[in-house]
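Colleague: Sending over a structure as structure tokens; questions will come in a sec.
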Amino acid sequence: MTTFDNNEQTNKDKGKDRFTIGSYRDGTRVSTGDIRRFTGIPTFLKAPLISEVKNPTVGIVGVPFDGGTIRTPGSRFGPRAIRDYCWRLNEYNAELGVNPYALHNIVDCGDIILSPLSLEDSHDSIRCGIADLIEQGMVPISIGGDHFIAYPILQAIHAVHGKISVIHFDAHTDTADYCYGQKFHHGSIIRHAVDDGLVDGDKLIQIGIRKVFHDQELDYHKDNNIEVITARDLKMMGPGLRDILMDRFKRLKDQKVYITFDIDFVDPTYAPATGSPEVGGPTSDEALECIRALKGLDIVGFDLNEVSPPYDVRDLTSLLAAQVLYEMVSVLKPTN
């Protein structure tokens with residue numbers, strides 16, 4: 001029968017082994033980088049908070065806004081849920097052969113303060129918040145929130161880099177026009193980005209598309225030379241998906257590239273917690289391979305959006321989103 005010695009001095013006399021009984025009685029707090037991160041304060045990628053780091057190079061920020069959602073809100077809770085599941089991530093990415101923590105000075109920048117009652121105010125807050133991270137020398141990675149957040153982010157990116165290339169992972173084209181009499185919503189951000197001159201259509205690649213609401217969307221793609229890789233196209237690539245996509249991305253090699261990733265890109269079997277799930281999408285493994293195919297591009301920012309925790313099953317979507325975030329940082333080029 002095992003007995004527990006509650007005498008502090010007796011336990012100290014047993015040696016300095018941190019795993020002996022009673023060895024956690026000295027009041028030490030768990031750090032953000034501790035592998036036992038099912039305790040402590042959750043942060044994106046287990047990274048330290050921005051206030052604790054000098055000269056950060058990658059800033060991950062929550063954008064908890066879902067006021068652009070047409071039907072099913074809830075993604076404002078996405079940043080918190082994804083933080084909660086980052087504790088399961090490792091340091092070394094064996095698939096890509098990199099340790100992103102060794103390549104980048106990653107920080108959790110907290111959440112941008114937003115009004116849930118005003119799309120206009122939130123638009124300005126998001127744009128200013130991302131501009132501030134860029135000004136501080138960080139590559140911004142934004143965690144939504146609904147997909148509307150990508151529009152003000154692209155404006156902030158454009159103000160620094162000019163016209164950029166965009167790779168857009170989504171089940172939908174997001175080239176819709178007015179909805180319920182409103183011009184701006186989460187289904188129109190790609191149209192606005194092209195129409196406003198933030199990106200040229202021929203430098204835009206959409207991947208995973210499998211739901212088109214109106215034939216006018218297809219006309220818009222033809223008129224603007226937008227490349228579309230459907231979900232079915234991805235399936236036909238088979239086991240060589242990563243290499244095939246890398247070859248398709250070669251035409252963007254000399255460009256500044258922004259990545260926007262809607263979690264409904266993934267089949268709802270693997271990512272049920274989203275407001276607009278569409279069947280027939282990529283598996284979780286295929287989704288990760290798509291992100292890994294971005295390696296080598298000059299990436300100036302990411303966003304990950306539309307995770308809506310109220311609709312999750314055993315937190316599967318938050319777990320996958322955390323892994324997608326990890327892969328995103330793993331494909332970034334070192335900043336120095």
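Ligands are numbered from 1 in the order shown, chains are lettered A, B, ... in the order of the structure tokens, and residues start at 1 in each chain.
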Which residues are close to Ala321 in chain A, i.e. within 12 Å by only C-alpha atoms, leaving aside same-chain residues fewer than 5 positions away? Reply as number ranges by chain.
Modeller: A: 44-45, 78-86, 88-89, 143-144, 261-266, 270-274, 284, 287-288, 291, 303-309, 312, 315-316, 326-328
Colleague: Could I get the residues of range 86-174 of chain A with an atom no further than 12 Å from an atom of range 237-250 of chain A, each paired with its nearest atom pair and that distance in Å to one decimal, using only C-alpha atoms, sorted by chain and residue number, as JSON lines?
Modeller:
```
{"residue": "A:Glu95", "atom": "CA", "partner": "A:Arg242", "partner_atom": "CA", "distance": 11.4}
{"residue": "A:Leu96", "atom": "CA", "partner": "A:Arg242", "partner_atom": "CA", "distance": 11.5}
{"residue": "A:Ser165", "atom": "CA", "partner": "A:Phe249", "partner_atom": "CA", "distance": 10.5}
{"residue": "A:Val166", "atom": "CA", "partner": "A:Phe249", "partner_atom": "CA", "distance": 10.6}
{"residue": "A:Ile167", "atom": "CA", "partner": "A:Phe249", "partner_atom": "CA", "distance": 9.0}
```
Colleague: Could you work out how far CA of Ile106 in chain A lies from CA of Ala47 in chain A, giving the answer in Å with one decimal?
Modeller: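 So the two atoms, CA of Ala47 in chain A and CA of Ile106 in chain A, lie 6.0 Å apart.
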Colleague: Hey, what's within 6 Å of Gly145 in chain A if we count only C-alpha atoms and toss same-chain stuff fewer than 2 positions away? As a list in words, please?
Modeller: Val63, Pro64, Phe65, Asp66, Ser75, Arg76, Asn305 and Glu306 of chain A
Colleague: With distances taken over only C-alpha atoms, which of A:Lys203, A:Phe169, A:Asp195, A:Asp223 is nearest to Cys290 in chain A?
Modeller: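 Ranked by minimum distance to Cys290 in chain A, first place goes to A:Phe169.
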Colleague: With distances taken over only C-alpha atoms, which of A:Pro73, A:Leu294, A:Gly301, A:Val329 is nearest to Ala156 in chain A?
Modeller: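 Comparing A:Pro73, A:Leu294, A:Gly301, A:Val329 against Ala156 in chain A, the winner is A:Gly301.
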Colleague: Need to verify the contact set: Ile157 in chain A, 12 Å, only C-alpha atoms, exclusion of same-chain residues closer than 6 positions in sequence. Can you return it as JSON, numbers by chain?
Modeller: {"A": [126, 127, 128, 129, 130, 131, 132, 133, 134, 135, 138, 139, 140, 141, 150, 151, 163, 164, 165, 166, 193, 198, 199, 256, 257, 258, 259, 299, 300, 301, 302, 303]}
Colleague: Find the residues near His172 in chain A: any atom within 7 Å, counting only C-alpha atoms, skip ones fewer than 5 places away on the same chain, and give them as a list in words.
Modeller: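 After dropping sequence-adjacent residues, the list is Ile209, Arg210, Lys211 and Val212 of chain A.
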Colleague: Find, counting only C-alpha atoms, the residue in A:Lys295, A:His147, A:His158, A:Lys46 that gets nearest to Val107 in chain A.
Modeller: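 Of all the options, A:Lys46 lies closest to Val107 in chain A.
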Colleague: Tell me, which residues of range 85-328 of chain A carry DSSP alpha helix (DSSP H), written as a PyMOL selection string?
Modeller: chain A and resi 85+100-103+119-135+150-161+189-195+215-224+231-237+241-249+284-292+316-328
Colleague: Could you jot down the CA of Ile153 in chain A to CA of Asp196 in chain A separation for me, Å, one decimal place?
Modeller: 13.3 Å
Colleague: Suppose you want the space between CA of His123 in chain A and CA of Ile226 in chain A; what is it in Å?
Modeller: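 These two atoms are separated by 25.3 Å.
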Colleague: Taking 4 positions as the minimum chain separation for residues in the same chain, which residues sit within 10 Å of Lys235 in chain A when counting only C-alpha atoms? Answer as a list in words.
Modeller: Gly208, Thr230, Ala231, Pro239, Leu241, Gly280, Gly281, Pro282, Thr283 and Glu286 of chain A
Colleague: With N, CA and C atoms kept, could you save the residues just selected as a compact mmCIF listing (two decimals), in the first residue's frame?
Modeller:
```txt
# COMPACT_ATOMS: atom_id res chain seq x y z
N GLY A 208 -10.76 24.38 -52.78
CA GLY A 208 -11.76 23.67 -52.00
C GLY A 208 -13.19 24.01 -52.34
N THR A 230 -11.28 23.10 -57.25
CA THR A 230 -12.44 22.63 -56.50
C THR A 230 -12.06 21.53 -55.51
N ALA A 231 -12.99 21.22 -54.62
CA ALA A 231 -12.77 20.12 -53.67
C ALA A 231 -12.58 18.81 -54.44
N PRO A 239 -2.57 10.99 -53.26
CA PRO A 239 -1.47 11.09 -52.28
C PRO A 239 -0.43 12.15 -52.62
N LEU A 241 -0.94 15.20 -53.41
CA LEU A 241 -1.58 16.51 -53.30
C LEU A 241 -0.59 17.62 -52.97
N GLY A 280 -18.57 16.91 -48.78
CA GLY A 280 -17.74 16.66 -49.94
C GLY A 280 -16.41 17.38 -49.92
N GLY A 281 -15.96 17.79 -48.76
CA GLY A 281 -14.72 18.54 -48.66
C GLY A 281 -13.52 17.68 -48.32
N PRO A 282 -12.35 18.29 -48.19
CA PRO A 282 -11.12 17.56 -47.85
C PRO A 282 -11.18 16.96 -46.45
N THR A 283 -10.41 15.91 -46.25
CA THR A 283 -10.23 15.35 -44.91
C THR A 283 -9.31 16.26 -44.12
N GLU A 286 -5.81 15.93 -45.62
CA GLU A 286 -5.67 16.67 -46.88
C GLU A 286 -5.57 18.17 -46.62
```
Colleague: May I have a table of the residues of range 49-88 of chain A lying at most 7 Å from range 108-114 of chain A, giving each one's closest pair of atoms and their distance in Å to one decimal, counting only C-alpha atoms, ordered by chain and ascending residue number, as a Markdown table?
Modeller:
```
| residue | atom | partner | partner_atom | distance |
| --- | --- | --- | --- | --- |
| A:Leu49 | CA | A:Asp108 | CA | 4.8 |
| A:Ile50 | CA | A:Cys109 | CA | 5.2 |
| A:Gly59 | CA | A:Cys109 | CA | 6.0 |
| A:Ile60 | CA | A:Asp108 | CA | 5.1 |
| A:Val61 | CA | A:Cys109 | CA | 4.9 |
| A:Gly62 | CA | A:Asp111 | CA | 4.2 |
| A:Val63 | CA | A:Ile112 | CA | 5.6 |
| A:Phe65 | CA | A:Leu114 | CA | 7.0 |
```
Colleague: Please produce a file of the residues just selected, as a short mmCIF file (atom, residue, chain, number, x, y, z; two decimals), in the first residue's frame, where the atoms kept are C-alpha atoms.
Modeller:
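This is the output file again_4.cif:
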```cif
data_model
loop_
_atom_site.label_atom_id
_atom_site.label_comp_id
_atom_site.auth_asym_id
_atom_site.auth_seq_id
_atom_site.Cartn_x
_atom_site.Cartn_y
_atom_site.Cartn_z
CA LEU A 49 2.00 37.03 -24.28
CA ILE A 50 3.25 40.02 -26.24
CA GLY A 59 2.01 37.96 -33.78
CA ILE A 60 -1.11 35.81 -33.39
CA VAL A 61 -4.20 37.84 -32.52
CA GLY A 62 -7.81 36.92 -31.83
CA VAL A 63 -10.51 38.71 -33.83
CA PHE A 65 -16.31 39.15 -34.44
#
```
Colleague: Which of these residues is nearest to Val194 in chain A, using only C-alpha atoms: A:Ala293, A:Lys54, A:Gln255, A:Gln155?
Modeller: A:Gln155
Colleague: Check range 178-309 of chain A with DSSP on the backbone and list each residue it calls strand (DSSP E or B), as a PyMOL selection string.
Modeller: chain A and resi 179+182+199-209+211+227-230+256-262+298-305
